[in-house]
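Here the structure comes first, spelled out in structure tokens, and everything after it is commentary.
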Amino acid sequence: MKSQVIEALRAVSVDGQEGDVVSTGLIGESDVVIDDDKVVVSVNLPQGFAGDLGALRSRIEAAVKAVDGVGKVLVALTAERATAGAGAQAAKPEPKFPPGPDLRPQAGGIPGVGAILAVASGKGGVGKSTTAVNLALGLRELGLRVGILDADIYGPSLPRLLGITERPGVSGDKIVPIEKFGLKVMSMGFMIEEENPVIWRGPMVVSALMQLVREVEWGTLDVLVLDMPPGTGDAQLTMAQQVPLTGAVIVSTPQDLALIDARKGLKMFRNVDVPIFGIIENMSTFICPHCGEQSDIFGHGGAEEDARRLGVVFLGAVPLHMDIRRQSDAGVPVVAADPEGPQAAAFRRIALRVAAMLKPEAE
């Protein structure tokens, strides 16, 4: 199918340039990724491109959709930096963010979504995605209509955590999220095979991520939970600035190394005026299932102490327990697998505190 897609793209003209998107180098063979009936096209825009980006995207989508067997098309726009050659004029200082033309959409609400909650961490490996899923399920148990978006393009976790193997459907020009455990779920992981890496530059990730936010048929939701990628880079900043976040929850383990990065994530949200709902201490303590002895493998109480020092709410602690890991690997989060168990109770208590902070639209 790739050869047919490339051939179809040869009919797409480029504003201000002679030739099509293929012959001008905007799209190469490696820029077209196909998975079943889903096609992802990366467009490498030259620096200073003055054409109509929206019109170019529409022409590319129309050309690819016309290929037999294509169901959904995702077009990611990115920009290249110019390199100065011999005799070139001294380049002007480049802005720190974003590189090249600003391809980000304007900020705006998502139709039908009452509140948007970001679940974030300063670093990976602290159980953020597991926390986000169980928090979403806890909010659902309170009677809220909940969706969850896996915003980690490079390392999507929701397909495995929720045991989802099917592909999302398409309705008109919208992607239809998959429903599981009463949640509406969307992830880039639904578009690609689990072991296939996403090898994209930052602006491409930002473009694809914003399409996932705005081109999904979420319907009516009281709250949309964003499982944010770890760190404070381009994707995180764009989400914080371009998506009208109701608030953010920071997840950290108690150890000093994780807390240092958690503080960075917290300050990033504060710098862009996103309310901080609080901090969750994950893997707070471990109780041996054999002898009952408590062991603070990653320390204990560090996140609570940080929350107090930084003047934010401490939302609660989640223990390090084999059931959470086992059920997550099996694709059945602990809140769904053992709703009456102590681990689920910890997430439900946190969900209750978070629900109390959501805007009235989410009540």
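Residues are named by chain letter and number: chains run A, B, ... in the order of the structure tokens, numbers start at 1 in each chain, and ligands are numbered from 1 in the order shown.
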- Message: With only C-alpha atoms as the counted atoms, please give the residues lying no more than 9 Å from segment 56-67 of chain A, apart from itself and same-chain residues fewer than 3 positions off, as JSON, numbers by chain.
- Response: {"A": [1, 4, 5, 6, 8, 9, 11, 12, 13, 14, 15, 21, 39, 41, 43, 51, 52, 53, 70, 71, 72, 73, 74, 75, 76, 77]}
- Message: Just to confirm, what's the straight-line distance from atom CA of Arg214 of chain A to atom CA of Ile175 of chain A in Å (one decimal)?
- Response: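 Taking atom CA of Arg214 of chain A and atom CA of Ile175 of chain A, their separation equals 9.6 Å.
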- Would you kindly return, as an MDAnalysis selection string, each protein, DNA or RNA residue with an atom no farther than 7 Å from any atom of segment 217-231 of chain A, considering only C-alpha atoms and excluding same-chain residues fewer than 2 positions away? chainID A and resid 112:124 129 132 136 144:152 174:177 215 233 236 265 361:362
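You will find atom CA of Met322 of chain A at 26.4 Å from atom CA of Asp306 of chain A.
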- DSSP says alpha helix (DSSP H) for which residues of segment 301-354 of chain A? Put them as an MDAnalysis selection string? chainID A and resid 302:310 322:329 334:337 342:354
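Atom CA of Leu135 of chain A lies 22.9 Å from atom CA of Met210 of chain A.
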- Excluding same-chain residues fewer than 3 positions from Pro244 of chain A, what lies within 10 Å of it counting only C-alpha atoms, as a VMD selection string? chain A and resid 107 to 110 115 to 117 239 to 241 247 274
